[in-house]
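Structure file final-v7.pdb (PDB, C-alpha atoms) follows.
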```pdb
ATOM      1  CA  MET K   1       2.007   5.738 -10.135  1.00  0.00           C
ATOM      2  CA  SER K   2      -0.889   6.475 -12.343  1.00  0.00           C
ATOM      3  CA  GLY K   3      -3.633   8.778 -11.257  1.00  0.00           C
ATOM      4  CA  SER K   4      -7.349   8.611 -11.587  1.00  0.00           C
ATOM      5  CA  GLY K   5      -9.502   8.859  -8.514  1.00  0.00           C
ATOM      6  CA  ARG K   6      -6.929   9.216  -5.782  1.00  0.00           C
ATOM      7  CA  GLU K   7      -6.503  12.989  -6.018  1.00  0.00           C
ATOM      8  CA  ARG K   8     -10.278  13.404  -6.056  1.00  0.00           C
ATOM      9  CA  ALA K   9     -10.632  11.059  -3.073  1.00  0.00           C
ATOM     10  CA  ALA K  10      -8.009  12.952  -1.078  1.00  0.00           C
ATOM     11  CA  GLU K  11      -9.469  16.345  -1.994  1.00  0.00           C
ATOM     12  CA  ALA K  12     -13.007  15.194  -1.161  1.00  0.00           C
ATOM     13  CA  GLY K  13     -11.870  14.097   2.282  1.00  0.00           C
ATOM     14  CA  ALA K  14     -12.483  10.396   1.620  1.00  0.00           C
ATOM     15  CA  PRO K  15     -10.449   8.310   4.071  1.00  0.00           C
ATOM     16  CA  PHE K  16      -9.492   5.659   1.489  1.00  0.00           C
ATOM     17  CA  GLY K  17      -8.634   5.580  -2.195  1.00  0.00           C
ATOM     18  CA  ILE K  18      -7.154   3.313  -4.856  1.00  0.00           C
ATOM     19  CA  ALA K  19      -3.851   3.884  -6.656  1.00  0.00           C
ATOM     20  CA  GLU K  20      -2.051   1.918  -9.378  1.00  0.00           C
ATOM     21  CA  VAL K  21       1.667   1.161  -9.320  1.00  0.00           C
ATOM     22  CA  THR K  22       3.650   1.960 -12.443  1.00  0.00           C
ATOM     23  CA  GLY K  23       7.342   1.229 -12.477  1.00  0.00           C
ATOM     24  CA  VAL K  24       9.711  -0.921 -10.458  1.00  0.00           C
ATOM     25  CA  SER K  25      11.008   1.339  -7.682  1.00  0.00           C
ATOM     26  CA  MET K  26       9.160  -0.615  -4.963  1.00  0.00           C
ATOM     27  CA  VAL K  27       9.996  -4.172  -6.142  1.00  0.00           C
ATOM     28  CA  PRO K  28       9.801  -6.669  -4.423  1.00  0.00           C
ATOM     29  CA  THR K  29       7.144  -5.164  -2.125  1.00  0.00           C
ATOM     30  CA  LEU K  30       5.017  -3.778  -4.964  1.00  0.00           C
ATOM     31  CA  LEU K  31       4.962  -4.811  -8.600  1.00  0.00           C
ATOM     32  CA  HIS K  32       4.098  -2.853 -11.739  1.00  0.00           C
ATOM     33  CA  GLY K  33       0.321  -3.086 -12.164  1.00  0.00           C
ATOM     34  CA  ASP K  34      -0.505  -3.676  -8.490  1.00  0.00           C
ATOM     35  CA  ARG K  35      -3.417  -1.682  -7.101  1.00  0.00           C
ATOM     36  CA  LEU K  36      -3.052  -0.075  -3.678  1.00  0.00           C
ATOM     37  CA  LEU K  37      -5.535   0.706  -0.928  1.00  0.00           C
ATOM     38  CA  VAL K  38      -4.392   4.104   0.357  1.00  0.00           C
ATOM     39  CA  HIS K  39      -5.459   5.449   3.758  1.00  0.00           C
ATOM     40  CA  TYR K  40      -5.412   9.232   3.362  1.00  0.00           C
ATOM     41  CA  GLY K  41      -4.399  10.932   6.571  1.00  0.00           C
ATOM     42  CA  GLY K  42      -3.337   7.561   8.029  1.00  0.00           C
ATOM     43  CA  ARG K  43      -0.744   7.531  10.788  1.00  0.00           C
ATOM     44  CA  LEU K  44       2.730   7.774   9.275  1.00  0.00           C
ATOM     45  CA  ARG K  45       5.827   6.310  10.854  1.00  0.00           C
ATOM     46  CA  PRO K  46       9.264   5.194   9.697  1.00  0.00           C
ATOM     47  CA  GLY K  47       8.986   1.998   7.669  1.00  0.00           C
ATOM     48  CA  SER K  48       5.499   2.765   6.305  1.00  0.00           C
ATOM     49  CA  VAL K  49       4.826   2.738   2.558  1.00  0.00           C
ATOM     50  CA  ALA K  50       3.205   6.016   1.514  1.00  0.00           C
ATOM     51  CA  VAL K  51       1.784   7.850  -1.480  1.00  0.00           C
ATOM     52  CA  LEU K  52       3.224  11.322  -1.899  1.00  0.00           C
ATOM     53  CA  ARG K  53       3.480  14.157  -4.350  1.00  0.00           C
ATOM     54  CA  HIS K  54       6.869  14.302  -6.043  1.00  0.00           C
ATOM     55  CA  PRO K  55       8.596  17.355  -4.519  1.00  0.00           C
ATOM     56  CA  LEU K  56       9.972  18.562  -7.873  1.00  0.00           C
ATOM     57  CA  GLN K  57       6.910  17.708  -9.983  1.00  0.00           C
ATOM     58  CA  GLN K  58       3.871  17.959  -7.728  1.00  0.00           C
ATOM     59  CA  ASP K  59       1.362  16.747 -10.316  1.00  0.00           C
ATOM     60  CA  LEU K  60       3.171  13.367 -10.167  1.00  0.00           C
ATOM     61  CA  LEU K  61       2.290  10.930  -7.387  1.00  0.00           C
ATOM     62  CA  VAL K  62       4.852   8.385  -6.228  1.00  0.00           C
ATOM     63  CA  VAL K  63       4.889   5.550  -3.740  1.00  0.00           C
ATOM     64  CA  LYS K  64       7.915   5.175  -1.458  1.00  0.00           C
ATOM     65  CA  ARG K  65       8.899   3.849   1.945  1.00  0.00           C
ATOM     66  CA  LEU K  66       9.230   6.437   4.727  1.00  0.00           C
ATOM     67  CA  ILE K  67      12.667   5.997   6.280  1.00  0.00           C
ATOM     68  CA  GLU K  68      13.016   8.776   8.832  1.00  0.00           C
ATOM     69  CA  ARG K  69      12.035  12.323   9.716  1.00  0.00           C
ATOM     70  CA  ARG K  70      14.694  14.899   8.906  1.00  0.00           C
ATOM     71  CA  ASP K  71      14.847  18.663   8.803  1.00  0.00           C
ATOM     72  CA  GLY K  72      12.481  19.581   6.013  1.00  0.00           C
ATOM     73  CA  GLY K  73      10.394  16.402   6.041  1.00  0.00           C
ATOM     74  CA  TRP K  74      10.494  12.670   5.358  1.00  0.00           C
ATOM     75  CA  TRP K  75      13.479  10.854   3.865  1.00  0.00           C
ATOM     76  CA  VAL K  76      11.934   8.326   1.442  1.00  0.00           C
ATOM     77  CA  LEU K  77      13.411   5.416  -0.502  1.00  0.00           C
ATOM     78  CA  GLY K  78      12.133   2.849  -2.955  1.00  0.00           C
ATOM     79  CA  ASP K  79      12.541  -0.797  -1.930  1.00  0.00           C
ATOM     80  CA  ASN K  80      14.410  -1.549  -5.175  1.00  0.00           C
ATOM     81  CA  PRO K  81      17.991  -0.366  -4.558  1.00  0.00           C
ATOM     82  CA  ASP K  82      18.700  -0.256  -8.300  1.00  0.00           C
ATOM     83  CA  ALA K  83      15.859   2.153  -9.101  1.00  0.00           C
ATOM     84  CA  GLU K  84      16.274   5.895  -8.766  1.00  0.00           C
ATOM     85  CA  GLY K  85      13.781   8.616  -8.007  1.00  0.00           C
ATOM     86  CA  ASP K  86      13.734   8.914  -4.233  1.00  0.00           C
ATOM     87  CA  SER K  87      15.275  11.158  -1.569  1.00  0.00           C
ATOM     88  CA  ARG K  88      18.747  10.363  -2.861  1.00  0.00           C
ATOM     89  CA  VAL K  89      17.744  12.490  -5.859  1.00  0.00           C
ATOM     90  CA  PHE K  90      15.294  15.086  -4.477  1.00  0.00           C
ATOM     91  CA  GLY K  91      16.044  15.226  -0.742  1.00  0.00           C
ATOM     92  CA  ALA K  92      13.548  15.199   2.100  1.00  0.00           C
ATOM     93  CA  VAL K  93       9.852  15.426   1.217  1.00  0.00           C
ATOM     94  CA  PRO K  94       7.870  18.126   3.074  1.00  0.00           C
ATOM     95  CA  PRO K  95       5.168  16.562   5.296  1.00  0.00           C
ATOM     96  CA  GLU K  96       2.346  18.308   3.420  1.00  0.00           C
ATOM     97  CA  LEU K  97       3.278  16.362   0.254  1.00  0.00           C
ATOM     98  CA  VAL K  98       2.795  12.979   1.955  1.00  0.00           C
ATOM     99  CA  LEU K  99      -0.825  12.114   1.176  1.00  0.00           C
ATOM    100  CA  GLY K 100      -1.460   8.769   2.806  1.00  0.00           C
ATOM    101  CA  ARG K 101      -0.290   5.402   3.978  1.00  0.00           C
ATOM    102  CA  VAL K 102      -0.596   2.275   1.822  1.00  0.00           C
ATOM    103  CA  ARG K 103      -2.557  -0.404   3.701  1.00  0.00           C
ATOM    104  CA  ALA K 104      -2.863  -3.197   1.124  1.00  0.00           C
ATOM    105  CA  ARG K 105      -2.027  -4.174  -2.429  1.00  0.00           C
ATOM    106  CA  TYR K 106      -3.872  -6.390  -4.863  1.00  0.00           C
ATOM    107  CA  ARG K 107      -3.500  -7.605  -8.402  1.00  0.00           C
ATOM    108  CA  PRO K 108      -6.432  -6.671 -10.611  1.00  0.00           C
ATOM    109  CA  VAL K 109      -8.750  -9.418 -11.797  1.00  0.00           C
ATOM    110  CA  THR K 110      -7.761 -10.633 -15.268  1.00  0.00           C
ATOM    111  CA  PRO K 111     -10.280  -9.263 -17.816  1.00  0.00           C
ATOM    112  CA  GLY K 112     -12.498 -11.901 -19.402  1.00  0.00           C
ATOM    113  CA  ARG K 113     -11.689 -14.503 -16.755  1.00  0.00           C
ATOM    114  CA  GLN K 114     -14.463 -16.684 -15.390  1.00  0.00           C
ATOM    115  CA  ARG K 115     -15.976 -15.274 -12.176  1.00  0.00           C
ATOM    116  CA  SER K 116     -16.986 -18.456 -10.335  1.00  0.00           C
ATOM    117  CA  ALA K 117     -16.856 -18.547  -6.531  1.00  0.00           C
ATOM    118  CA  GLY K 118     -13.725 -20.705  -6.678  1.00  0.00           C
ATOM    119  CA  VAL K 119     -11.926 -18.308  -8.999  1.00  0.00           C
ATOM    120  CA  VAL K 120     -12.853 -15.308  -6.833  1.00  0.00           C
ATOM    121  CA  LEU K 121     -11.683 -17.082  -3.643  1.00  0.00           C
ATOM    122  CA  SER K 122      -8.458 -18.118  -5.324  1.00  0.00           C
ATOM    123  CA  TRP K 123      -7.912 -14.523  -6.430  1.00  0.00           C
ATOM    124  CA  LEU K 124      -8.591 -13.231  -2.895  1.00  0.00           C
ATOM    125  CA  PHE K 125      -6.042 -15.586  -1.341  1.00  0.00           C
ATOM    126  CA  SER K 126      -3.350 -15.028  -3.961  1.00  0.00           C
ATOM    127  CA  ALA K 127      -3.792 -11.408  -5.029  1.00  0.00           C
ATOM    128  CA  VAL K 128      -4.694  -9.430  -1.909  1.00  0.00           C
ATOM    129  CA  ARG K 129      -1.923  -8.737   0.605  1.00  0.00           C
ATOM    130  CA  PRO K 130      -1.437  -6.205   3.394  1.00  0.00           C
ATOM    131  CA  VAL K 131       1.506  -3.856   2.927  1.00  0.00           C
ATOM    132  CA  ARG K 132       3.414  -4.006   6.168  1.00  0.00           C
ATOM    133  CA  SER K 133       5.774  -1.492   7.651  1.00  0.00           C
ATOM    134  CA  ARG K 134       9.410  -2.356   8.060  1.00  0.00           C
ATOM    135  CA  SER K 135      11.643  -0.927  10.682  1.00  0.00           C
ATOM    136  CA  ALA K 136      13.876   1.790   9.321  1.00  0.00           C
ATOM    137  CA  TRP K 137      16.841  -0.263  10.498  1.00  0.00           C
ATOM    138  CA  SER K 138      15.826  -3.286   8.396  1.00  0.00           C
ATOM    139  CA  VAL K 139      15.386  -1.119   5.291  1.00  0.00           C
ATOM    140  CA  TRP K 140      18.817   0.463   5.762  1.00  0.00           C
ATOM    141  CA  SER K 141      20.488  -2.862   6.587  1.00  0.00           C
ATOM    142  CA  VAL K 142      19.080  -4.572   3.481  1.00  0.00           C
ATOM    143  CA  ARG K 143      20.202  -1.649   1.305  1.00  0.00           C
ATOM    144  CA  SER K 144      23.620  -1.593   2.942  1.00  0.00           C
ATOM    145  CA  ALA K 145      24.064  -5.350   2.443  1.00  0.00           C
ATOM    146  CA  SER K 146      22.999  -5.137  -1.192  1.00  0.00           C
ATOM    147  CA  ARG K 147      25.461  -2.295  -1.815  1.00  0.00           C
ATOM    148  CA  ARG K 148      28.288  -4.323  -0.277  1.00  0.00           C
ATOM    149  CA  LEU K 149      27.438  -7.363  -2.405  1.00  0.00           C
ATOM    150  CA  ARG K 150      27.380  -5.329  -5.628  1.00  0.00           C
ATOM    151  CA  ALA K 151      30.652  -3.612  -4.759  1.00  0.00           C
ATOM    152  CA  ARG K 152      32.599  -6.874  -4.602  1.00  0.00           C
TER     153      ARG K 152
END
```
Please express what this file holds, its structure, as structure tokens.
Amino acid sequence: MSGSGRERAAEAGAPFGIAEVTGVSMVPTLLHGDRLLVHYGGRLRPGSVAVLRHPLQQDLLVVKRLIERRDGGWWVLGDNPDAEGDSRVFGAVPPELVLGRVRARYRPVTPGRQRSAGVVLSWLFSAVRPVRSRSAWSVWSVRSASRRLRAR
């Protein structure tokens, strides 16, 4: 994730902020370049997508799916089973490092593109999507199935 205003928004007590996705750890849910609407202090539960400080490099913000509460914090995983950089590497994330819940994602408007009402409406319907929670069971079952398929 790249940082600009989200740390300032969280520190200023703003309830919402914008973040940008860099990397592929959350594919297919989030794509490189997506922008996220982050609800700081939003209710967290297993299956939610959240923005958090990396436990080993706290100046780095990451976006991961919350899987379950464990001793020491949240167990988090990326939705892309082939990408690394989640709790399988760094363990549980302390609750104070989880900054907020992702509510929606959108693709940025293409620079230089015409801004007619039709283009803006088309962009709204194709680019803006809520980011829904998944049950922890569905996340684990998808990962388990994908591991079995790759092992054969």
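Nearest to K:Val24 of all the residues K:Ala92, K:Val131, K:Val51, K:Val63 is K:Val63, counting all atoms listed in the file.
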Ground truth for the PyMOL selection byres ((chain K and resi 83) around 12), written as number ranges by chain: K: 23-28, 64, 77-82, 84-89, 143
With all atoms listed in the file counted and 10 Å as the cut-off, give the residues of stretch 28-80 of chain K in contact with stretch 104-127 of chain K, each with its shortest interatomic distance in Å and the pair that gives it, as CSV.
```
residue,atom,partner,partner_atom,distance
K:Thr29,CA,K:Arg105,CA,9.2
K:Leu30,CA,K:Arg105,CA,7.5
K:Leu31,CA,K:Arg107,CA,8.9
K:His32,CA,K:Arg107,CA,9.6
K:Gly33,CA,K:Arg107,CA,7.0
K:Asp34,CA,K:Arg107,CA,4.9
K:Arg35,CA,K:Tyr106,CA,5.2
K:Leu36,CA,K:Arg105,CA,4.4
K:Leu37,CA,K:Ala104,CA,5.2
K:Val38,CA,K:Ala104,CA,7.5
K:His39,CA,K:Ala104,CA,9.4
K:Val49,CA,K:Ala104,CA,9.8
```
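The residue that comes closest to K:Arg45, out of K:Leu61, K:Ala14, K:Val102, K:Val21 and on the basis of all atoms listed in the file, is K:Val102.
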Sel. within 12 Å of pt (13.4, 9.3, 11.1), counting all atoms listed in the file, output as a PyMOL selection string: chain K and resi 44-48+65-76+92+135-137+140
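The coordinates place atom CA of K:Gly17 at 14.9 Å from atom CA of K:Pro130.
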